[in-house]
$ cat run_36.txt   # compact mmCIF, C-alpha atoms
# COMPACT_ATOMS: atom_id res chain seq x y z
CA MET A 28 232.00 25.84 92.55
CA ARG A 29 234.76 24.57 90.30
CA LYS A 30 232.20 23.77 87.70
CA GLY A 31 230.88 27.34 87.86
CA VAL A 32 234.34 28.82 87.41
CA GLY A 33 234.98 26.48 84.50
CA LEU A 34 231.73 27.48 82.83
CA GLY A 35 232.51 31.16 83.35
CA LEU A 36 235.97 30.79 81.84
CA ARG A 37 234.57 28.85 78.92
CA GLY A 38 231.98 31.57 78.34
CA LEU A 39 234.67 34.26 78.42
CA GLY A 40 236.79 32.32 75.95
CA HIS A 41 233.80 31.83 73.69
CA ILE A 42 233.01 35.54 73.71
CA SER A 43 236.61 36.58 72.92
CA VAL A 44 237.08 33.97 70.20
CA ASN A 45 233.75 34.97 68.69
CA ALA A 46 234.69 38.67 68.79
CA ILE A 47 238.04 38.02 67.09
CA TRP A 48 236.36 35.77 64.53
CA ARG A 49 233.83 38.47 63.73
CA LEU A 50 236.60 41.06 63.45
CA GLY A 51 238.41 38.85 60.94
CA TYR A 52 235.20 38.24 58.99
CA PHE A 53 234.47 41.97 59.04
CA SER A 54 237.94 42.80 57.68
CA ARG A 55 237.59 40.23 54.91
CA PHE A 56 234.15 41.58 54.07
CA PHE A 57 235.46 45.17 54.06
CA ILE A 58 238.29 44.27 51.67
CA ALA A 59 235.82 42.42 49.43
CA THR A 60 233.56 45.49 49.39
CA LEU A 61 236.46 47.68 48.27
CA PHE A 62 237.56 45.05 45.74
CA TYR A 63 234.12 44.76 44.13
CA SER A 64 233.49 48.52 44.09
CA GLY A 65 233.97 48.78 40.33
CA PRO A 66 230.29 48.47 39.35
CA SER A 67 229.17 51.12 41.84
CA PHE A 68 231.18 53.67 39.83
CA ARG A 69 230.77 52.21 36.35
CA ARG A 70 227.01 52.02 36.82
CA PHE A 71 226.93 55.15 38.90
CA PHE A 72 223.14 55.23 39.10
CA LEU A 73 223.31 52.34 41.59
CA THR A 74 225.22 54.62 43.96
CA VAL A 75 223.13 57.70 43.16
CA ARG A 76 219.99 55.81 44.08
CA GLU A 77 221.51 54.89 47.43
CA ILE A 78 222.70 58.47 48.02
CA TYR A 79 219.06 59.41 47.63
CA PHE A 80 218.02 56.96 50.35
CA THR A 81 220.88 57.56 52.78
CA GLY A 82 221.72 61.21 52.13
CA VAL A 83 218.71 63.09 50.80
CA LEU A 84 216.23 61.43 53.15
CA SER A 85 218.50 62.20 56.15
CA LEU A 86 218.55 65.89 55.24
CA VAL A 87 215.58 66.93 57.36
CA ILE A 88 216.80 65.41 60.62
CA ILE A 89 220.37 66.67 60.03
CA LEU A 90 219.33 70.24 59.21
CA VAL A 91 216.79 70.55 62.02
CA SER A 92 219.09 69.11 64.68
CA GLY A 93 221.98 71.23 63.41
CA LEU A 94 219.87 74.34 63.79
CA PHE A 95 218.80 73.41 67.32
CA VAL A 96 222.29 72.37 68.44
CA GLY A 97 223.61 75.71 67.18
CA MET A 98 220.86 77.64 68.96
CA VAL A 99 221.51 75.82 72.24
CA LEU A 100 225.24 76.49 71.85
CA GLY A 101 224.38 80.15 71.34
CA PHE A 102 222.42 80.33 74.60
CA GLN A 103 224.86 78.31 76.69
CA GLY A 104 227.93 80.01 75.25
CA PHE A 105 226.47 83.45 75.84
CA ASN A 106 225.61 82.53 79.40
CA THR A 107 229.18 81.51 80.21
CA LEU A 108 231.07 84.06 78.13
CA GLN A 109 229.01 86.92 79.52
CA ARG A 110 230.56 86.30 82.95
CA TYR A 111 233.97 87.17 81.54
CA GLY A 112 232.68 90.10 79.56
CA SER A 113 233.58 88.53 76.23
CA GLU A 114 230.24 87.90 74.54
CA GLU A 115 231.86 88.73 71.19
CA ALA A 116 233.77 85.44 71.39
CA LEU A 117 230.42 83.64 71.01
CA GLY A 118 230.98 83.23 67.27
CA VAL A 119 234.35 81.61 67.88
CA MET A 120 232.93 79.20 70.43
CA VAL A 121 229.96 78.15 68.33
CA ALA A 122 231.96 77.78 65.12
CA LEU A 123 234.92 75.93 66.62
CA SER A 124 232.86 73.47 68.63
CA LEU A 125 230.64 72.75 65.62
CA VAL A 126 233.32 72.48 62.94
CA ARG A 127 235.78 70.49 65.02
CA GLU A 128 233.57 68.21 67.09
CA LEU A 129 229.81 68.46 67.13
CA GLY A 130 229.29 68.69 63.37
CA PRO A 131 231.07 65.45 62.42
CA VAL A 132 230.17 63.52 65.59
CA VAL A 133 226.50 64.38 66.02
CA ALA A 134 225.87 64.13 62.28
CA ALA A 135 227.51 60.67 62.31
CA LEU A 136 225.43 59.53 65.29
CA LEU A 137 222.23 60.73 63.61
CA PHE A 138 223.36 59.16 60.35
CA ALA A 139 223.97 55.85 62.12
CA SER A 140 220.50 55.75 63.59
CA ARG A 141 218.70 57.19 60.54
CA ALA A 142 220.52 55.63 57.58
CA GLY A 143 222.74 52.90 59.09
CA SER A 144 219.84 51.05 60.67
CA ALA A 145 217.88 51.27 57.41
CA ILE A 146 220.79 49.81 55.44
CA THR A 147 221.16 46.93 57.89
CA ALA A 148 217.44 46.16 57.91
CA GLU A 149 217.25 46.28 54.11
CA ILE A 150 220.23 43.99 53.49
CA GLY A 151 219.19 41.71 56.37
CA LEU A 152 215.71 41.30 54.91
CA MET A 153 217.13 40.72 51.44
CA LYS A 154 219.16 37.92 52.97
CA ALA A 155 216.21 36.54 54.96
CA THR A 156 214.01 36.46 51.86
CA GLU A 157 216.88 34.84 49.95
CA GLN A 158 217.21 37.63 47.41
CA LEU A 159 220.99 37.62 47.92
CA ALA A 160 221.10 33.86 47.29
CA ALA A 161 218.96 34.36 44.16
CA MET A 162 221.44 36.95 42.87
CA GLU A 163 224.30 34.53 43.34
CA MET A 164 222.29 31.93 41.42
CA MET A 165 222.11 34.40 38.53
CA ALA A 166 225.89 34.94 38.72
CA VAL A 167 225.41 38.47 40.12
CA ASN A 168 227.77 39.19 42.96
CA PRO A 169 225.62 40.57 45.82
CA ILE A 170 228.58 42.42 47.31
CA ALA A 171 229.16 44.29 44.04
CA ARG A 172 225.45 44.84 43.32
CA VAL A 173 223.99 45.49 46.79
CA VAL A 174 226.70 46.13 49.36
CA ALA A 175 229.29 48.32 47.61
CA PRO A 176 226.85 50.97 46.26
CA ARG A 177 225.36 51.41 49.73
CA PHE A 178 228.85 51.67 51.25
CA TRP A 179 230.02 54.33 48.80
CA ALA A 180 226.75 56.24 49.06
CA GLY A 181 227.29 56.49 52.82
CA VAL A 182 230.93 57.54 52.43
CA ILE A 183 229.93 60.27 49.95
CA SER A 184 226.90 61.50 51.91
CA MET A 185 228.48 61.70 55.35
CA PRO A 186 230.90 64.65 54.83
CA LEU A 187 228.22 66.59 52.96
CA LEU A 188 225.73 66.01 55.76
CA ALA A 189 228.30 67.00 58.41
CA ALA A 190 229.14 70.20 56.52
CA MET A 191 225.44 71.07 56.28
CA PHE A 192 225.02 70.31 59.98
CA SER A 193 227.89 72.66 60.88
CA ALA A 194 226.70 75.43 58.56
CA MET A 195 223.18 75.14 59.94
CA GLY A 196 224.55 75.16 63.50
CA VAL A 197 226.56 78.34 62.88
CA PHE A 198 223.39 79.89 61.47
CA GLY A 199 221.49 78.79 64.60
CA GLY A 200 224.17 80.34 66.82
CA TYR A 201 223.93 83.51 64.76
CA LEU A 202 220.13 83.56 65.16
CA VAL A 203 220.30 83.26 68.93
CA GLY A 204 223.47 85.29 69.55
CA VAL A 205 223.04 88.18 67.16
CA VAL A 206 219.35 88.34 66.30
CA MET A 207 217.83 87.39 69.66
CA ILE A 208 220.37 88.41 72.31
CA GLY A 209 222.03 91.22 70.39
CA VAL A 210 225.75 90.38 70.31
CA ASP A 211 227.52 92.72 67.90
CA GLU A 212 227.26 91.23 64.42
CA GLY A 213 230.61 92.46 63.12
CA ALA A 214 232.52 91.12 66.14
CA PHE A 215 230.65 87.81 65.91
CA TRP A 216 231.80 87.14 62.34
CA SER A 217 235.24 88.77 62.44
CA GLN A 218 236.36 87.00 65.63
CA MET A 219 235.04 83.75 64.17
CA GLN A 220 236.99 84.26 60.97
CA SER A 221 240.22 85.11 62.73
CA ALA A 222 239.99 82.08 65.04
CA VAL A 223 238.82 79.34 62.63
CA ASP A 224 241.57 78.10 60.37
CA PHE A 225 240.75 76.46 57.06
CA HIS A 226 243.32 73.65 57.25
CA GLU A 227 243.47 73.21 60.99
CA ASP A 228 239.76 73.18 61.71
CA ILE A 229 237.60 72.79 58.62
CA VAL A 230 239.71 70.27 56.70
CA ASN A 231 240.24 68.23 59.88
CA GLY A 232 236.49 68.25 60.45
CA VAL A 233 235.91 66.97 56.93
CA ILE A 234 238.54 64.23 57.41
CA LYS A 235 236.75 63.22 60.59
CA SER A 236 233.39 62.98 58.87
CA VAL A 237 234.85 60.88 56.01
CA VAL A 238 236.33 58.45 58.55
CA PHE A 239 233.01 58.30 60.42
CA GLY A 240 231.18 57.71 57.14
CA ILE A 241 233.44 54.75 56.34
CA ALA A 242 233.04 53.34 59.86
CA VAL A 243 229.25 53.71 60.10
CA THR A 244 228.37 52.38 56.66
CA SER A 245 230.85 49.51 56.72
CA ILE A 246 229.43 48.38 60.07
CA ALA A 247 225.87 48.79 58.76
CA VAL A 248 226.38 46.75 55.58
CA PHE A 249 228.35 44.10 57.47
CA GLU A 250 225.70 43.67 60.15
CA GLY A 251 223.02 43.38 57.48
CA TYR A 252 225.02 40.86 55.45
CA ASP A 253 225.88 38.86 58.57
CA ALA A 254 222.36 38.93 60.09
CA PRO A 255 220.73 35.56 60.87
CA PRO A 256 217.99 35.14 58.25
CA THR A 257 215.09 35.44 60.69
CA ALA A 258 212.90 38.30 61.85
CA GLU A 259 214.63 38.18 65.23
CA GLY A 260 218.07 38.12 63.63
CA VAL A 261 217.35 41.20 61.50
CA SER A 262 216.04 43.15 64.48
CA GLY A 263 219.11 42.17 66.53
CA ALA A 264 221.43 43.17 63.70
CA THR A 265 219.73 46.56 63.38
CA THR A 266 220.19 47.22 67.09
CA ARG A 267 223.82 46.11 66.92
CA THR A 268 224.45 48.47 64.00
CA VAL A 269 223.29 51.50 65.95
CA VAL A 270 225.14 50.52 69.15
CA THR A 271 228.40 49.44 67.49
CA SER A 272 228.62 52.30 65.04
CA SER A 273 227.83 54.92 67.69
CA LEU A 274 230.57 53.52 69.92
CA ALA A 275 232.94 53.30 66.95
CA VAL A 276 232.26 56.94 66.07
CA LEU A 277 232.98 58.12 69.60
CA ALA A 278 236.13 56.01 69.96
CA LEU A 279 237.44 57.06 66.54
CA ASP A 280 236.67 60.66 67.42
CA PHE A 281 238.88 60.38 70.49
CA ILE A 282 241.74 58.91 68.45
CA LEU A 283 241.43 61.44 65.62
CA THR A 284 241.17 64.37 68.02
CA ALA A 285 244.27 63.19 69.87
CA PHE A 286 246.12 63.09 66.55
CA MET A 287 244.82 66.39 65.18
CA PHE A 288 244.64 68.68 68.18
CA GLY A 289 246.39 66.76 70.95
CA GLY A 290 250.03 67.69 70.60
CA LYS A 291 249.58 71.45 70.40
CA GLY A 292 249.31 73.66 73.44
CA MET B 3 210.36 56.87 42.10
CA GLU B 4 211.73 57.32 38.61
CA ARG B 5 215.33 57.84 37.77
CA ALA B 6 215.25 61.49 36.69
CA LYS B 7 213.65 62.57 39.94
CA ILE B 8 216.21 60.72 42.04
CA ASP B 9 219.01 62.27 39.99
CA LEU B 10 217.54 65.71 40.56
CA TRP B 11 217.26 65.28 44.32
CA VAL B 12 220.75 63.82 44.63
CA GLY B 13 222.05 66.72 42.54
CA ILE B 14 220.39 69.20 44.87
CA PHE B 15 221.78 67.32 47.88
CA VAL B 16 225.36 67.27 46.60
CA ALA B 17 225.18 70.93 45.55
CA ALA B 18 223.85 71.92 48.98
CA GLY B 19 226.60 69.94 50.69
CA ILE B 20 229.33 71.57 48.63
CA ALA B 21 227.72 74.96 49.19
CA ALA B 22 227.78 74.32 52.93
CA LEU B 23 231.49 73.48 52.72
CA PHE B 24 232.12 76.71 50.81
CA ILE B 25 230.17 78.70 53.37
CA LEU B 26 232.24 77.13 56.13
CA ALA B 27 235.49 77.86 54.29
CA LEU B 28 234.71 81.46 53.32
CA LYS B 29 232.33 82.81 55.93
CA VAL B 30 233.42 80.86 59.03
CA GLY B 31 237.07 80.17 58.23
CA ASN B 32 239.71 82.61 57.11
CA MET B 33 240.12 81.40 53.52
CA GLY B 34 238.67 84.59 52.12
CA ASN B 35 240.94 87.02 53.94
CA PHE B 36 244.30 85.71 53.10
CA GLY B 37 244.14 83.70 49.98
CA SER B 38 246.41 82.99 47.09
CA GLY B 39 248.52 86.15 47.33
CA GLY B 40 252.07 85.16 48.19
CA THR B 41 253.86 86.12 51.36
CA TYR B 42 257.45 86.81 52.31
CA SER B 43 258.87 86.04 55.72
CA ILE B 44 260.95 88.20 58.03
CA ASN B 45 262.50 87.33 61.39
CA ALA B 46 262.54 89.23 64.65
CA TYR B 47 264.22 88.53 68.00
CA PHE B 48 262.37 89.30 71.21
CA GLU B 49 263.58 88.98 74.78
CA ASN B 50 260.08 88.12 75.89
CA ILE B 51 257.13 87.31 73.69
CA GLY B 52 254.53 87.00 76.45
CA GLY B 53 251.68 84.88 75.12
CA LEU B 54 252.30 85.31 71.40
CA LYS B 55 251.26 82.26 69.40
CA PRO B 56 251.68 81.11 65.82
CA ARG B 57 248.94 82.47 63.51
CA ALA B 58 248.56 85.62 65.58
CA PRO B 59 247.96 88.63 63.33
CA VAL B 60 250.67 91.08 62.31
CA LYS B 61 249.21 94.58 62.08
CA SER B 62 250.46 97.87 60.88
CA ALA B 63 248.41 100.96 61.71
CA GLY B 64 245.73 98.53 62.87
CA VAL B 65 245.41 96.75 59.52
CA VAL B 66 246.28 93.05 59.30
CA VAL B 67 249.26 92.71 56.95
CA GLY B 68 250.43 89.21 57.84
CA ARG B 69 250.55 86.41 60.36
CA VAL B 70 253.05 84.96 62.81
CA ALA B 71 254.39 81.84 61.12
CA GLU B 72 256.57 80.37 63.82
CA VAL B 73 257.81 81.03 67.34
CA ARG B 74 261.08 79.39 68.38
CA PHE B 75 263.63 79.69 71.14
CA ASP B 76 267.13 80.55 69.95
CA ASN B 77 269.51 78.70 72.23
CA GLN B 78 272.49 80.78 71.06
CA ARG B 79 271.09 84.16 71.96
CA PHE B 80 268.63 82.95 74.63
CA GLU B 81 265.92 84.95 72.94
CA ALA B 82 262.70 84.12 71.12
CA LEU B 83 262.93 84.02 67.33
CA VAL B 84 259.62 84.93 65.70
CA THR B 85 259.07 84.41 61.98
CA LEU B 86 256.44 86.64 60.38
CA ASP B 87 254.71 85.99 57.06
CA ILE B 88 253.90 89.34 55.46
CA ASP B 89 251.57 89.77 52.50
CA GLN B 90 253.54 90.49 49.35
CA ASN B 91 251.49 93.60 48.64
CA TYR B 92 252.94 95.37 51.64
CA LYS B 93 256.57 96.53 51.85
CA PHE B 94 258.22 97.85 54.98
CA PRO B 95 261.45 99.87 55.41
CA LYS B 96 264.52 98.20 56.90
CA ASP B 97 264.31 100.12 60.17
CA THR B 98 260.73 99.07 60.93
CA ILE B 99 260.01 98.51 64.63
CA ALA B 100 258.18 95.35 65.70
CA ASN B 101 256.16 95.59 68.94
CA ILE B 102 254.26 92.87 70.73
CA LEU B 103 250.92 94.39 71.67
CA THR B 104 247.76 93.15 73.30
CA ALA B 105 244.28 93.54 71.88
CA GLY B 106 242.21 94.82 74.77
CA LEU B 107 243.05 94.19 78.40
CA LEU B 108 243.13 90.40 78.33
CA GLY B 109 242.85 89.84 74.60
CA GLU B 110 245.13 87.94 72.28
CA GLN B 111 248.59 89.27 71.55
CA TYR B 112 249.62 90.44 68.12
CA ILE B 113 252.62 92.08 66.48
CA GLY B 114 252.44 95.72 65.52
CA LEU B 115 254.81 97.04 62.86
CA GLU B 116 255.80 100.70 62.91
CA ALA B 117 257.36 101.75 59.63
CA GLY B 118 260.64 103.64 59.81
CA GLY B 119 262.17 106.02 57.31
CA ASP B 120 264.75 103.86 55.56
CA GLU B 121 264.89 103.81 51.75
CA ALA B 122 265.70 100.08 51.56
CA MET B 123 262.82 97.67 52.04
CA LEU B 124 262.70 94.41 54.01
CA LYS B 125 263.12 91.33 51.82
CA ASN B 126 262.39 87.67 52.33
CA GLY B 127 264.51 86.27 55.20
CA ASP B 128 265.54 89.70 56.52
CA LYS B 129 265.75 90.46 60.22
CA VAL B 130 263.96 93.27 62.04
CA THR B 131 266.53 94.81 64.36
CA HIS B 132 264.31 97.12 66.42
CA THR B 133 261.90 95.17 68.57
CA GLN B 134 259.93 95.84 71.70
CA ASP B 135 258.97 93.03 74.08
CA ALA B 136 255.59 92.09 75.37
CA VAL B 137 254.34 93.77 78.49
CA VAL B 138 254.35 91.22 81.29
CA LEU B 139 251.55 91.93 83.71
CA GLU B 140 253.46 90.61 86.75
CA LYS B 141 256.41 92.94 86.11
CA LEU B 142 254.03 95.85 85.66
CA ILE B 143 252.26 95.10 88.92
CA GLY B 144 255.58 94.61 90.69
CA GLN B 145 256.78 97.99 89.47
CA PHE B 146 253.53 99.61 90.52
CA LEU B 147 253.77 98.14 94.03
CA TYR B 148 257.40 99.20 94.29
CA ASN B 149 256.49 102.75 93.32
CA LYS B 150 253.63 102.77 95.80
CA ALA B 151 255.94 101.54 98.55
CA ALA B 152 258.42 104.29 97.70
CA GLU B 153 255.61 106.86 97.92
CA GLY B 154 254.60 105.49 101.32
CA GLU B 155 258.18 105.87 102.56
CA ASP B 156 258.06 109.57 101.74
CA LYS B 157 254.80 110.27 103.52
CA LYS B 158 255.45 107.89 106.41
CA GLY B 159 253.19 107.51 109.42
CA SER B 160 249.70 108.17 108.15
CA GLU B 161 249.70 105.36 105.48
CA SER B 162 251.50 102.69 107.50
CA SER B 163 249.54 103.20 110.72
CA LYS B 164 246.30 102.32 108.92
$ encode --input "run_36.txt" --output "structure tokens"
Amino acid sequence: MRKGVGLGLRGLGHISVNAIWRLGYFSRFFIATLFYSGPSFRRFFLTVREIYFTGVLSLVIILVSGLFVGMVLGFQGFNTLQRYGSEEALGVMVALSLVRELGPVVAALLFASRAGSAITAEIGLMKATEQLAAMEMMAVNPIARVVAPRFWAGVISMPLLAAMFSAMGVFGGYLVGVVMIGVDEGAFWSQMQSAVDFHEDIVNGVIKSVVFGIAVTSIAVFEGYDAPPTAEGVSGATTRTVVTSSLAVLALDFILTAFMFGGKG
Amino acid sequence: MERAKIDLWVGIFVAAGIAALFILALKVGNMGNFGSGGTYSINAYFENIGGLKPRAPVKSAGVVVGRVAEVRFDNQRFEALVTLDIDQNYKFPKDTIANILTAGLLGEQYIGLEAGGDEAMLKNGDKVTHTQDAVVLEKLIGQFLYNKAAEGEDKKGSESSK
């Protein structure tokens, strides 16, 4: 009995110490990534190439899911608003929920599973096949050459993807609300324009997506760099990337929303 | 894939992203309506503002001419002090009346300006002296019930025995 309790306590201590150790390592790694970011801007093609892999190749999933999310919002919003006789407010509902919340958050979750996992797997495999060690042998810093360009590519792509997601979603809501159901088109756009504020809603949405981009890509590159150099280790790291970055996105979203929209009635 | 092709695709991607941001700003948001043109602010005291909120429109003859910048409580006069930002293109006489009106039955509240006949125009920081408060639904219903009760008193019998 006492032995069991002791083992349990020891396990708990191990887990917390390990978590704090990893947090410290992550912070050090993050600072190093920022510090060695010079080459990813001086040799900008390194970053452009990664934008192609993380951003351009994520376009299809982002655009299609944005369209469908917007169309579902159109149906659900119409269903509820119709009860209060205010179908014209559909545009407001679709636009506000997309620009403030769903655009940045859902785009970041999709980005984490589409691009974040790919980054982790790629860097993890580079480590497992000792390509990173080979670079160090040739006096090439792997953080500057491999990690930083991927990080910046993610940070640049994320707000653009979120904006496209929101725009596509508004279009989807328009398709369902105006074209299919027949809400008045003028009221749809004019109520939307009078309710959505540029600074309050759109700029805050962009800030959110930049923060999510930093969180998702920094977790992805760290997990890849930290992965045990085995097939099992890389697969575990990929899973951890998706789980950790999704949770980080949702938690950060709560904090940012509390800051941006919390204090106002 | 060769370099030129990647550059092209990334260029298209970035352009599409920025275009999406512009669409959001202009078509979804209200950047287009009320842009760079400067505004001047005027103040108005109301005894009751109802549900008026900052950023509510200020209309004159139904046309949006400005926005509510700030709603505060003046502890000296025990009244609400509302600051309005009016587009610089529109000038209003000094004796303009500011009403708090409601769009539709349960819609949002806005401020309606009725121009007066004064020669002098309102300037930045001026105060509108003639104001009309928001209609409070509870007061209206109370008045209606009171009137009904008074009517019943006159007729007597037939109404109350029901």
$ interface_residues --input "run_36.txt" --of "chain B" --to "chain A" --cutoff "8 Å" --atoms "all atoms listed in the file" --output "NGL selection string"
:B and (8-9 or 11-12 or 15-16 or 18-20 or 22-23 or 25-27 or 29-33)
$ residues_near_point --input "run_36.txt" --point "(252.1, 89.2, 71.1)" --cutoff "12 Å" --atoms "all atoms listed in the file" --output "PyMOL selection string"
chain B and resi 48+50-61+69-70+73+82+84+86+100-106+108-115+133-138
$ closest_residue --input "run_36.txt" --among "A:Gln109, A:Gly35, A:Thr156, A:Arg172" --to "Gly65 in chain A" --atoms "all atoms listed in the file"
A:Arg172
$ atom_distance --input "run_36.txt" --atom1 "CA of Gly64 in chain B" --atom2 "CA of Ile99 in chain B"
14.4 Å
$ atom_distance --input "run_36.txt" --atom1 "CA of Asp89 in chain B" --atom2 "CA of Arg74 in chain B"
21.2 Å
